[in-house]
$ cat target_23.cif   # mmCIF, C-alpha atoms and all ligand atoms
data_structure
loop_
_atom_site.label_atom_id
_atom_site.label_comp_id
_atom_site.auth_asym_id
_atom_site.auth_seq_id
_atom_site.Cartn_x
_atom_site.Cartn_y
_atom_site.Cartn_z
CA LYS A 6 0.00 0.00 0.00
CA PRO A 7 1.33 3.51 -0.74
CA LYS A 8 3.22 5.08 2.19
CA LYS A 9 1.05 7.60 4.00
CA THR A 10 2.47 11.12 3.66
CA TRP A 11 2.65 13.05 6.89
CA GLU A 12 2.40 16.74 7.65
CA LEU A 13 2.96 18.90 10.71
CA ASN A 14 -0.70 19.32 11.60
CA ASN A 15 -1.04 15.56 12.02
CA PHE A 16 0.80 16.08 15.33
CA ASP A 17 0.31 17.86 18.67
CA ILE A 18 3.75 19.23 19.57
CA GLY A 19 4.91 18.81 23.18
CA ARG A 20 7.96 19.94 25.13
CA LEU A 21 11.43 20.53 23.74
CA LEU A 22 13.51 17.40 24.41
CA GLY A 23 16.85 18.73 23.20
CA ARG A 24 18.63 21.16 20.94
CA GLY A 25 20.34 19.81 17.84
CA LYS A 26 23.02 21.39 15.65
CA PHE A 27 20.58 21.59 12.72
CA GLY A 28 17.39 21.93 14.73
CA ASN A 29 15.55 20.71 17.80
CA VAL A 30 13.81 17.56 18.98
CA TYR A 31 10.27 17.77 20.39
CA LEU A 32 7.95 15.35 22.10
CA ALA A 33 4.93 14.94 19.79
CA ARG A 34 1.74 12.92 19.51
CA GLU A 35 0.01 11.82 16.32
CA LYS A 36 -3.55 13.18 16.63
CA GLU A 37 -5.60 10.28 15.25
CA SER A 38 -3.76 7.38 16.94
CA GLN A 39 -2.49 9.31 20.00
CA PHE A 40 0.86 7.58 19.29
CA VAL A 41 3.73 9.39 21.02
CA VAL A 42 6.87 10.09 18.99
CA ALA A 43 9.91 12.37 19.00
CA LEU A 44 9.86 14.91 16.18
CA LYS A 45 13.30 16.02 15.03
CA VAL A 46 13.12 19.30 13.08
CA LEU A 47 16.04 20.14 10.77
CA PHE A 48 16.34 23.51 9.08
CA LYS A 49 17.03 23.23 5.35
CA ARG A 50 18.99 26.50 5.38
CA GLN A 51 21.45 25.30 8.04
CA ILE A 52 21.81 21.94 6.28
CA GLY A 53 22.43 23.78 3.00
CA GLU A 54 24.91 26.19 4.55
CA SER A 55 26.83 23.31 6.19
CA ASN A 56 26.67 21.46 2.87
CA VAL A 57 25.44 18.20 4.44
CA GLU A 58 22.29 17.59 2.37
CA HIS A 59 23.71 14.34 0.93
CA GLN A 60 24.72 13.17 4.43
CA VAL A 61 21.23 13.91 5.79
CA ARG A 62 19.63 12.07 2.86
CA ARG A 63 21.95 9.07 3.27
CA GLU A 64 21.45 8.92 7.06
CA ILE A 65 17.63 9.09 6.63
CA GLU A 66 17.76 6.40 3.92
CA ILE A 67 19.85 4.09 6.16
CA GLN A 68 18.01 4.78 9.40
CA SER A 69 14.54 4.23 7.95
CA HIS A 70 15.45 0.64 6.94
CA LEU A 71 17.03 -0.46 10.23
CA ARG A 72 15.04 -2.75 12.52
CA HIS A 73 16.81 -3.69 15.77
CA PRO A 74 15.73 -3.58 19.44
CA HIS A 75 18.74 -1.40 20.33
CA ILE A 76 18.51 1.04 17.43
CA LEU A 77 16.03 3.92 17.64
CA ARG A 78 13.40 3.65 14.89
CA LEU A 79 12.98 6.34 12.23
CA TYR A 80 9.31 5.76 11.33
CA ALA A 81 8.98 8.34 8.54
CA TYR A 82 9.92 11.86 7.45
CA PHE A 83 8.35 14.79 5.63
CA HIS A 84 9.33 18.37 4.76
CA ASP A 85 7.96 21.83 4.04
CA ASP A 86 9.77 24.76 2.34
CA VAL A 87 11.88 25.49 5.39
CA ARG A 88 12.30 22.30 7.45
CA ILE A 89 12.76 18.54 7.30
CA TYR A 90 10.85 16.59 9.97
CA LEU A 91 11.99 13.16 11.22
CA ILE A 92 9.33 11.07 13.01
CA LEU A 93 11.39 9.11 15.52
CA GLU A 94 10.73 6.51 18.18
CA TYR A 95 10.28 8.17 21.58
CA ALA A 96 12.64 6.79 24.27
CA PRO A 97 10.95 7.71 27.57
CA GLN A 98 13.98 7.49 29.90
CA GLY A 99 16.22 10.08 28.28
CA THR A 100 19.89 10.00 27.34
CA LEU A 101 22.54 7.73 28.83
CA PHE A 102 24.55 10.92 29.38
CA ASN A 103 21.91 12.24 31.77
CA ALA A 104 21.39 8.84 33.39
CA LEU A 105 25.14 8.70 34.12
CA GLN A 106 25.05 12.18 35.68
CA ALA A 107 22.06 11.14 37.78
CA GLN A 108 23.98 8.23 39.35
CA PRO A 109 25.03 8.96 43.00
CA MET A 110 28.68 8.12 42.16
CA LYS A 111 28.27 9.37 38.53
CA ARG A 112 28.99 5.83 37.35
CA PHE A 113 27.16 2.49 36.86
CA ASP A 114 27.87 -0.80 38.59
CA GLU A 115 29.39 -3.69 36.61
CA ARG A 116 26.08 -5.44 35.96
CA GLN A 117 24.38 -2.31 34.56
CA SER A 118 27.48 -1.36 32.53
CA ALA A 119 27.79 -4.87 31.06
CA THR A 120 24.08 -4.82 30.16
CA TYR A 121 24.52 -1.56 28.21
CA ILE A 122 27.73 -2.79 26.51
CA GLN A 123 26.07 -6.08 25.49
CA ALA A 124 23.08 -4.19 24.01
CA LEU A 125 25.37 -1.84 22.12
CA CYS A 126 27.50 -4.73 20.90
CA SER A 127 24.48 -6.50 19.41
CA ALA A 128 23.37 -3.25 17.69
CA LEU A 129 26.88 -2.74 16.28
CA LEU A 130 26.99 -6.35 14.99
CA TYR A 131 23.70 -5.66 13.16
CA LEU A 132 25.11 -2.40 11.71
CA HIS A 133 28.49 -3.92 10.73
CA GLU A 134 26.71 -6.79 8.94
CA ARG A 135 25.16 -4.03 6.82
CA ASP A 136 28.52 -2.22 6.41
CA ILE A 137 27.30 0.68 8.49
CA ILE A 138 30.07 2.09 10.69
CA HIS A 139 31.03 4.94 12.95
CA ARG A 140 27.78 5.35 14.74
CA ASP A 141 29.41 7.87 16.97
CA ILE A 142 28.63 5.90 20.13
CA LYS A 143 28.91 8.16 23.16
CA PRO A 144 26.55 8.70 26.10
CA GLU A 145 24.99 11.81 24.49
CA ASN A 146 23.90 9.72 21.47
CA LEU A 147 22.44 6.81 23.41
CA LEU A 148 18.86 6.84 24.64
CA LEU A 149 17.04 4.71 27.20
CA GLY A 150 13.70 3.34 26.06
CA HIS A 151 10.92 1.53 27.90
CA LYS A 152 12.36 -0.43 30.88
CA GLY A 153 15.68 1.40 30.38
CA VAL A 154 16.56 -0.50 27.21
CA LEU A 155 19.53 1.13 25.42
CA LYS A 156 18.95 2.57 21.92
CA ILE A 157 21.53 4.02 19.52
CA ALA A 158 19.91 7.31 18.63
CA ASP A 159 22.31 9.25 16.48
CA PHE A 160 22.08 9.72 12.71
CA GLY A 161 25.64 10.88 12.31
CA TRP A 162 25.22 14.61 12.92
CA SER A 163 26.17 15.88 16.31
CA VAL A 164 23.59 17.10 18.79
CA HIS A 165 24.10 19.62 21.54
CA GLU A 166 22.76 18.27 24.80
CA PRO A 167 21.35 21.15 26.87
CA ASN A 168 23.91 20.35 29.59
CA SER A 169 26.81 18.42 28.18
CA MET A 170 29.91 20.35 29.19
CA ARG A 171 32.28 18.66 26.81
CA MET A 172 30.95 19.84 23.46
CA THR A 173 33.54 20.98 20.94
CA LEU A 174 32.44 22.49 17.63
CA CYS A 175 31.80 18.99 16.29
CA GLY A 176 31.16 17.07 19.48
CA THR A 177 33.49 15.68 22.12
CA VAL A 178 36.93 14.43 21.01
CA ASP A 179 37.08 11.95 23.90
CA TYR A 180 35.74 9.17 21.73
CA LEU A 181 37.95 9.65 18.67
CA PRO A 182 40.16 6.61 17.89
CA PRO A 183 43.87 7.17 17.06
CA GLU A 184 43.35 6.57 13.32
CA MET A 185 40.75 9.35 13.19
CA VAL A 186 42.85 11.72 15.30
CA GLN A 187 45.56 11.15 12.66
CA GLY A 188 43.03 11.72 9.84
CA LYS A 189 43.49 8.21 8.46
CA PRO A 190 40.53 6.51 6.73
CA HIS A 191 38.36 4.83 9.31
CA THR A 192 37.06 1.26 9.19
CA LYS A 193 34.32 -0.33 11.28
CA ASN A 194 37.01 -1.01 13.90
CA VAL A 195 36.53 2.59 15.07
CA ASP A 196 33.37 1.33 16.74
CA LEU A 197 35.42 -1.18 18.76
CA TRP A 198 37.57 1.64 20.12
CA SER A 199 34.49 3.75 21.00
CA LEU A 200 32.94 0.71 22.69
CA GLY A 201 36.05 0.51 24.87
CA VAL A 202 35.87 4.24 25.66
CA LEU A 203 32.19 3.91 26.57
CA CYS A 204 32.82 0.83 28.74
CA PHE A 205 35.48 2.77 30.64
CA GLU A 206 33.22 5.83 31.04
CA LEU A 207 30.21 3.83 32.29
CA LEU A 208 32.32 2.10 34.96
CA VAL A 209 34.52 5.06 35.95
CA GLY A 210 32.27 8.11 35.37
CA HIS A 211 34.59 9.98 32.98
CA ALA A 212 36.24 9.19 29.64
CA PRO A 213 39.66 7.44 29.71
CA PHE A 214 41.57 10.15 27.83
CA TYR A 215 39.72 13.11 29.30
CA SER A 216 42.01 16.16 29.65
CA LYS A 217 41.77 19.91 30.06
CA ASN A 218 42.17 20.53 26.30
CA TYR A 219 42.06 18.72 22.93
CA ASP A 220 45.83 18.57 22.47
CA GLU A 221 46.30 16.79 25.80
CA THR A 222 43.44 14.44 24.91
CA TYR A 223 44.89 13.74 21.44
CA LYS A 224 48.31 12.97 22.96
CA LYS A 225 46.79 10.52 25.45
CA ILE A 226 44.70 8.85 22.72
CA LEU A 227 47.73 8.36 20.48
CA LYS A 228 49.70 6.89 23.38
CA VAL A 229 46.66 4.91 24.60
CA ASP A 230 47.49 6.53 27.93
CA TYR A 231 44.72 5.73 30.43
CA LYS A 232 44.58 4.51 34.01
CA LEU A 233 41.91 2.21 35.46
CA PRO A 234 40.85 2.90 39.06
CA GLU A 235 41.32 0.10 41.63
CA HIS A 236 37.59 -0.65 41.92
CA ILE A 237 37.35 -1.94 38.34
CA SER A 238 37.23 -5.76 38.17
CA LYS A 239 40.02 -7.69 36.39
CA ALA A 240 37.52 -9.00 33.83
CA ALA A 241 36.31 -5.47 32.98
CA SER A 242 39.84 -4.09 32.70
CA HIS A 243 40.79 -7.06 30.49
CA LEU A 244 37.94 -6.28 28.07
CA ILE A 245 38.79 -2.55 28.01
CA SER A 246 42.46 -3.38 27.32
CA LYS A 247 41.40 -5.53 24.34
CA LEU A 248 39.34 -2.67 22.81
CA LEU A 249 41.59 0.35 23.50
CA VAL A 250 44.28 -0.96 21.16
CA LEU A 251 46.22 1.37 18.84
CA ASN A 252 46.18 -0.98 15.83
CA PRO A 253 42.51 -1.17 14.63
CA GLN A 254 43.07 -4.73 13.35
CA HIS A 255 44.09 -5.97 16.81
CA ARG A 256 40.92 -4.82 18.64
CA LEU A 257 38.68 -7.59 19.99
CA PRO A 258 35.98 -8.35 17.35
CA LEU A 259 32.35 -7.78 18.34
CA ASP A 260 31.39 -11.48 18.31
CA GLN A 261 34.17 -12.09 20.86
CA VAL A 262 33.08 -9.10 22.97
CA MET A 263 29.61 -10.67 23.14
CA VAL A 264 30.99 -13.80 24.81
CA HIS A 265 33.73 -12.14 26.91
CA PRO A 266 33.75 -13.49 30.51
CA TRP A 267 32.92 -10.01 31.90
CA ILE A 268 29.80 -9.75 29.71
CA LEU A 269 28.72 -13.34 30.45
CA ALA A 270 29.34 -12.92 34.19
CA HIS A 271 27.17 -9.80 34.48
CA THR A 272 24.26 -10.46 32.13
CA GLN A 273 21.69 -13.22 32.59
C1 LIG A 301 15.00 11.29 19.49
C2 LIG A 301 14.42 10.93 20.85
C3 LIG A 301 14.65 11.56 22.05
C4 LIG A 301 13.90 10.86 23.00
N1 LIG A 301 13.74 11.05 24.35
C5 LIG A 301 14.40 12.00 25.11
N2 LIG A 301 15.35 12.76 24.55
C6 LIG A 301 16.00 13.66 25.32
C7 LIG A 301 17.01 14.48 24.68
C8 LIG A 301 17.10 14.50 23.34
C9 LIG A 301 18.09 15.34 22.65
C10 LIG A 301 17.87 15.67 21.32
C11 LIG A 301 18.77 16.49 20.64
C12 LIG A 301 19.89 16.99 21.28
C13 LIG A 301 20.12 16.64 22.62
C14 LIG A 301 19.23 15.82 23.31
N3 LIG A 301 15.78 13.83 26.62
C15 LIG A 301 14.83 13.09 27.22
C16 LIG A 301 14.59 13.27 28.60
C17 LIG A 301 13.59 12.54 29.22
N4 LIG A 301 13.37 12.73 30.57
C18 LIG A 301 12.35 11.92 31.27
C19 LIG A 301 13.07 10.94 32.14
N5 LIG A 301 13.97 11.66 33.09
C20 LIG A 301 14.61 10.71 33.95
C21 LIG A 301 14.99 12.41 32.31
C22 LIG A 301 14.33 13.42 31.43
C23 LIG A 301 12.84 11.61 28.49
C24 LIG A 301 13.09 11.41 27.15
C25 LIG A 301 14.09 12.15 26.50
N6 LIG A 301 13.28 9.86 22.36
N7 LIG A 301 13.60 9.91 21.05
#
$ encode --input "target_23.cif" --output "structure tokens" --more "lines below"
Ligand SMILES: Cc1cc(Nc2nc(/C=C/c3ccccc3)nc3cc(N4CCN(C)CC4)ccc23)n[nH]1
Amino acid sequence: KPKKTWELNNFDIGRLLGRGKFGNVYLAREKESQFVVALKVLFKRQIGESNVEHQVRREIEIQSHLRHPHILRLYAYFHDDVRIYLILEYAPQGTLFNALQAQPMKRFDERQSATYIQALCSALLYLHERDIIHRDIKPENLLLGHKGVLKIADFGWSVHEPNSMRMTLCGTVDYLPPEMVQGKPHTKNVDLWSLGVLCFELLVGHAPFYSKNYDETYKKILKVDYKLPEHISKAASHLISKLLVLNPQHRLPLDQVMVHPWILAHTQ
């Protein structure tokens, strides 16, 4: 059957959820069905000025065909003269970035961290099977759905959390792998590095190469210079050490991350 075309007045618009680089994300409800969604509004002018039309088109094309429990759904999109509207799955528990900040010790325990890493790993396997890489996995781009289920929510353009202190002009550099810091072409193994950075940050509460400025951070990334606090288990530090590896080819492949003793020990 022909795809229904949508328009803005099919929706009641709710509160602002967050501010994006190319526009904002609002809570919204489809009037007939009362179905709650997130409506991402992108301004054509800004997209044109930043010369990313092709990227936006490609990301929408990819995202609309993905079906995975840990990847946020893009249900449909429409546009008017001025804006492009993305009708996205609504994740009711907010960003992993905010959930991390809300933790008493600003970090998660090993069970919760392993649960998030396992979910992310299965989403990345699904994406890599489809030759989709560099999903820019960092806490700001991960959402928590119903029952706190993790969802990769980014479409490749950076978003400015209302309160994330570590924004640079293109997003935090904490998650960049050495090959990208050196401007080399990146393969899907960049996601293995970012998975290691995220695993560290969930368990410790800050990124492994975090420094007062980019140059310091770049230096630490290129030297893989990080220290694990005492409270981290041996199994967790083993997994992190197998992902934060300079040579992209030597990073632990996703199917082996899935069955790593730390993951198996902390997920049912
Ligand atoms: C696309 C999408 C978002 C989304 N849900 C939410 N997004 C954002 C923040 C979103 C955002 C967007 C652009 C830039 C920065 C942040 N914040 C949210 C905050 C939420 N709450 C309710 C739960 N509280 C614990 C924390 C605040 C709930 C859903 C949120 N579902 N689908």
$ residues_around --input "target_23.cif" --residues "stretch 121-134 of chain A" --least-positions-apart "3" --cutoff "6 Å" --atoms "all atoms listed in the file" --output "list in words"
His75, Ser118 and Ile137 of chain A
$ atom_distance --input "target_23.cif" --atom1 "atom CA of A:Gly19" --atom2 "atom CA of A:Leu47"
16.7 Å
$ residues_near_ligand --input "target_23.cif" --ligand "ligand LIG 301 (chain A)" --cutoff "8 Å" --atoms "only C-alpha atoms and all ligand atoms" --output "PyMOL selection string"
chain A and resi 22-26+29-32+42-45+77+93-100+103-104+145-146+148-150+158+164-167
$ write_last_selection --input "target_23.cif" --atoms "C-alpha atoms" --output "compact mmCIF listing (two decimals), in the frame of the given file"
# COMPACT_ATOMS: atom_id res chain seq x y z
CA LEU A 22 13.51 17.40 24.41
CA GLY A 23 16.85 18.73 23.20
CA ARG A 24 18.63 21.16 20.94
CA GLY A 25 20.34 19.81 17.84
CA LYS A 26 23.02 21.39 15.65
CA ASN A 29 15.55 20.71 17.80
CA VAL A 30 13.81 17.56 18.98
CA TYR A 31 10.27 17.77 20.39
CA LEU A 32 7.95 15.35 22.10
CA VAL A 42 6.87 10.09 18.99
CA ALA A 43 9.91 12.37 19.00
CA LEU A 44 9.86 14.91 16.18
CA LYS A 45 13.30 16.02 15.03
CA LEU A 77 16.03 3.92 17.64
CA LEU A 93 11.39 9.11 15.52
CA GLU A 94 10.73 6.51 18.18
CA TYR A 95 10.28 8.17 21.58
CA ALA A 96 12.64 6.79 24.27
CA PRO A 97 10.95 7.71 27.57
CA GLN A 98 13.98 7.49 29.90
CA GLY A 99 16.22 10.08 28.28
CA THR A 100 19.89 10.00 27.34
CA ASN A 103 21.91 12.24 31.77
CA ALA A 104 21.39 8.84 33.39
CA GLU A 145 24.99 11.81 24.49
CA ASN A 146 23.90 9.72 21.47
CA LEU A 148 18.86 6.84 24.64
CA LEU A 149 17.04 4.71 27.20
CA GLY A 150 13.70 3.34 26.06
CA ALA A 158 19.91 7.31 18.63
CA VAL A 164 23.59 17.10 18.79
CA HIS A 165 24.10 19.62 21.54
CA GLU A 166 22.76 18.27 24.80
CA PRO A 167 21.35 21.15 26.87
$ closest_residue --input "target_23.cif" --among "A:Asp86, A:Glu221, A:Glu35, A:Asp141" --to "A:Pro182" --atoms "all atoms listed in the file"
A:Asp141
$ atom_distance --input "target_23.cif" --atom1 "atom CA of A:Lys225" --atom2 "atom CA of A:Asp179"
9.9 Å
$ atom_distance --input "target_23.cif" --atom1 "atom CA of A:Lys49" --atom2 "atom CA of A:Ile89"
6.6 Å
$ residues_around --input "target_23.cif" --residues "A:Thr222" --least-positions-apart "6" --cutoff "8 Å" --atoms "all atoms listed in the file" --output "PyMOL selection string"
chain A and resi 178-179+214-216
$ build_atoms --input "target_23.cif" --residues "stretch 262-273 of chain A" --atoms "all heavy atoms" --output "mmCIF file, in the frame of the given file"
data_model
loop_
_atom_site.group_PDB
_atom_site.id
_atom_site.type_symbol
_atom_site.label_atom_id
_atom_site.label_comp_id
_atom_site.auth_asym_id
_atom_site.auth_seq_id
_atom_site.Cartn_x
_atom_site.Cartn_y
_atom_site.Cartn_z
ATOM 1 N N VAL A 262 33.508 -9.927 21.846
ATOM 2 C CA VAL A 262 33.080 -9.100 22.970
ATOM 3 C C VAL A 262 31.815 -9.697 23.580
ATOM 4 O O VAL A 262 31.685 -9.822 24.788
ATOM 5 C CB VAL A 262 32.822 -7.635 22.531
ATOM 6 C CG1 VAL A 262 32.302 -6.794 23.694
ATOM 7 C CG2 VAL A 262 34.076 -7.013 21.931
ATOM 8 N N MET A 263 30.914 -10.131 22.708
ATOM 9 C CA MET A 263 29.610 -10.670 23.140
ATOM 10 C C MET A 263 29.756 -11.839 24.122
ATOM 11 O O MET A 263 28.913 -12.043 24.983
ATOM 12 C CB MET A 263 28.789 -11.155 21.939
ATOM 13 C CG MET A 263 28.099 -10.066 21.160
ATOM 14 S SD MET A 263 26.948 -9.108 22.134
ATOM 15 C CE MET A 263 25.426 -9.936 21.753
ATOM 16 N N VAL A 264 30.827 -12.623 23.941
ATOM 17 C CA VAL A 264 30.990 -13.800 24.810
ATOM 18 C C VAL A 264 32.187 -13.630 25.762
ATOM 19 O O VAL A 264 32.673 -14.596 26.340
ATOM 20 C CB VAL A 264 31.168 -15.088 23.967
ATOM 21 C CG1 VAL A 264 29.889 -15.396 23.204
ATOM 22 C CG2 VAL A 264 32.358 -14.958 23.010
ATOM 23 N N HIS A 265 32.622 -12.372 25.969
ATOM 24 C CA HIS A 265 33.730 -12.140 26.910
ATOM 25 C C HIS A 265 33.260 -12.491 28.317
ATOM 26 O O HIS A 265 32.098 -12.211 28.675
ATOM 27 C CB HIS A 265 34.176 -10.671 26.828
ATOM 28 C CG HIS A 265 35.390 -10.374 27.643
ATOM 29 N ND1 HIS A 265 35.328 -10.121 29.001
ATOM 30 C CD2 HIS A 265 36.701 -10.323 27.305
ATOM 31 C CE1 HIS A 265 36.558 -9.915 29.458
ATOM 32 N NE2 HIS A 265 37.411 -10.030 28.435
ATOM 33 N N PRO A 266 34.143 -13.079 29.149
ATOM 34 C CA PRO A 266 33.750 -13.490 30.510
ATOM 35 C C PRO A 266 33.073 -12.377 31.319
ATOM 36 O O PRO A 266 32.124 -12.634 32.054
ATOM 37 C CB PRO A 266 35.086 -13.888 31.149
ATOM 38 C CG PRO A 266 35.942 -14.293 30.013
ATOM 39 C CD PRO A 266 35.530 -13.469 28.828
ATOM 40 N N TRP A 267 33.515 -11.109 31.117
ATOM 41 C CA TRP A 267 32.920 -10.010 31.900
ATOM 42 C C TRP A 267 31.459 -9.823 31.488
ATOM 43 O O TRP A 267 30.581 -9.622 32.325
ATOM 44 C CB TRP A 267 33.699 -8.709 31.672
ATOM 45 C CG TRP A 267 33.155 -7.562 32.481
ATOM 46 C CD1 TRP A 267 33.184 -7.439 33.845
ATOM 47 C CD2 TRP A 267 32.495 -6.394 31.978
ATOM 48 N NE1 TRP A 267 32.570 -6.261 34.216
ATOM 49 C CE2 TRP A 267 32.151 -5.597 33.099
ATOM 50 C CE3 TRP A 267 32.155 -5.941 30.685
ATOM 51 C CZ2 TRP A 267 31.485 -4.369 32.974
ATOM 52 C CZ3 TRP A 267 31.499 -4.723 30.574
ATOM 53 C CH2 TRP A 267 31.164 -3.951 31.694
ATOM 54 N N ILE A 268 31.190 -9.912 30.192
ATOM 55 C CA ILE A 268 29.800 -9.750 29.710
ATOM 56 C C ILE A 268 28.964 -10.928 30.222
ATOM 57 O O ILE A 268 27.899 -10.734 30.815
ATOM 58 C CB ILE A 268 29.750 -9.697 28.160
ATOM 59 C CG1 ILE A 268 30.509 -8.481 27.625
ATOM 60 C CG2 ILE A 268 28.307 -9.720 27.667
ATOM 61 C CD1 ILE A 268 29.839 -7.140 27.841
ATOM 62 N N LEU A 269 29.482 -12.153 30.040
ATOM 63 C CA LEU A 269 28.720 -13.340 30.450
ATOM 64 C C LEU A 269 28.472 -13.341 31.952
ATOM 65 O O LEU A 269 27.399 -13.700 32.411
ATOM 66 C CB LEU A 269 29.449 -14.616 30.008
ATOM 67 C CG LEU A 269 29.618 -14.776 28.494
ATOM 68 C CD1 LEU A 269 30.340 -16.083 28.159
ATOM 69 C CD2 LEU A 269 28.272 -14.723 27.771
ATOM 70 N N ALA A 270 29.470 -12.885 32.722
ATOM 71 C CA ALA A 270 29.340 -12.920 34.190
ATOM 72 C C ALA A 270 28.276 -11.944 34.688
ATOM 73 O O ALA A 270 27.643 -12.168 35.717
ATOM 74 C CB ALA A 270 30.688 -12.575 34.826
ATOM 75 N N HIS A 271 28.046 -10.847 33.943
ATOM 76 C CA HIS A 271 27.170 -9.800 34.480
ATOM 77 C C HIS A 271 25.850 -9.651 33.738
ATOM 78 O O HIS A 271 25.104 -8.713 33.979
ATOM 79 C CB HIS A 271 27.905 -8.458 34.492
ATOM 80 C CG HIS A 271 29.033 -8.436 35.470
ATOM 81 N ND1 HIS A 271 28.847 -8.308 36.820
ATOM 82 C CD2 HIS A 271 30.355 -8.567 35.285
ATOM 83 C CE1 HIS A 271 30.015 -8.347 37.428
ATOM 84 N NE2 HIS A 271 30.951 -8.495 36.531
ATOM 85 N N THR A 272 25.568 -10.563 32.804
ATOM 86 C CA THR A 272 24.260 -10.460 32.130
ATOM 87 C C THR A 272 23.634 -11.855 32.171
ATOM 88 O O THR A 272 24.313 -12.841 32.026
ATOM 89 C CB THR A 272 24.417 -10.042 30.636
ATOM 90 O OG1 THR A 272 25.314 -10.950 29.998
ATOM 91 C CG2 THR A 272 24.991 -8.646 30.528
ATOM 92 N N GLN A 273 22.307 -11.894 32.417
ATOM 93 C CA GLN A 273 21.690 -13.220 32.590
ATOM 94 C C GLN A 273 21.688 -13.977 31.263
ATOM 95 O O GLN A 273 21.724 -13.364 30.224
ATOM 96 C CB GLN A 273 20.257 -13.096 33.132
ATOM 97 C CG GLN A 273 19.316 -12.240 32.328
ATOM 98 C CD GLN A 273 19.559 -10.755 32.581
ATOM 99 O OE1 GLN A 273 20.362 -10.361 33.441
ATOM 100 N NE2 GLN A 273 18.914 -9.949 31.756
#
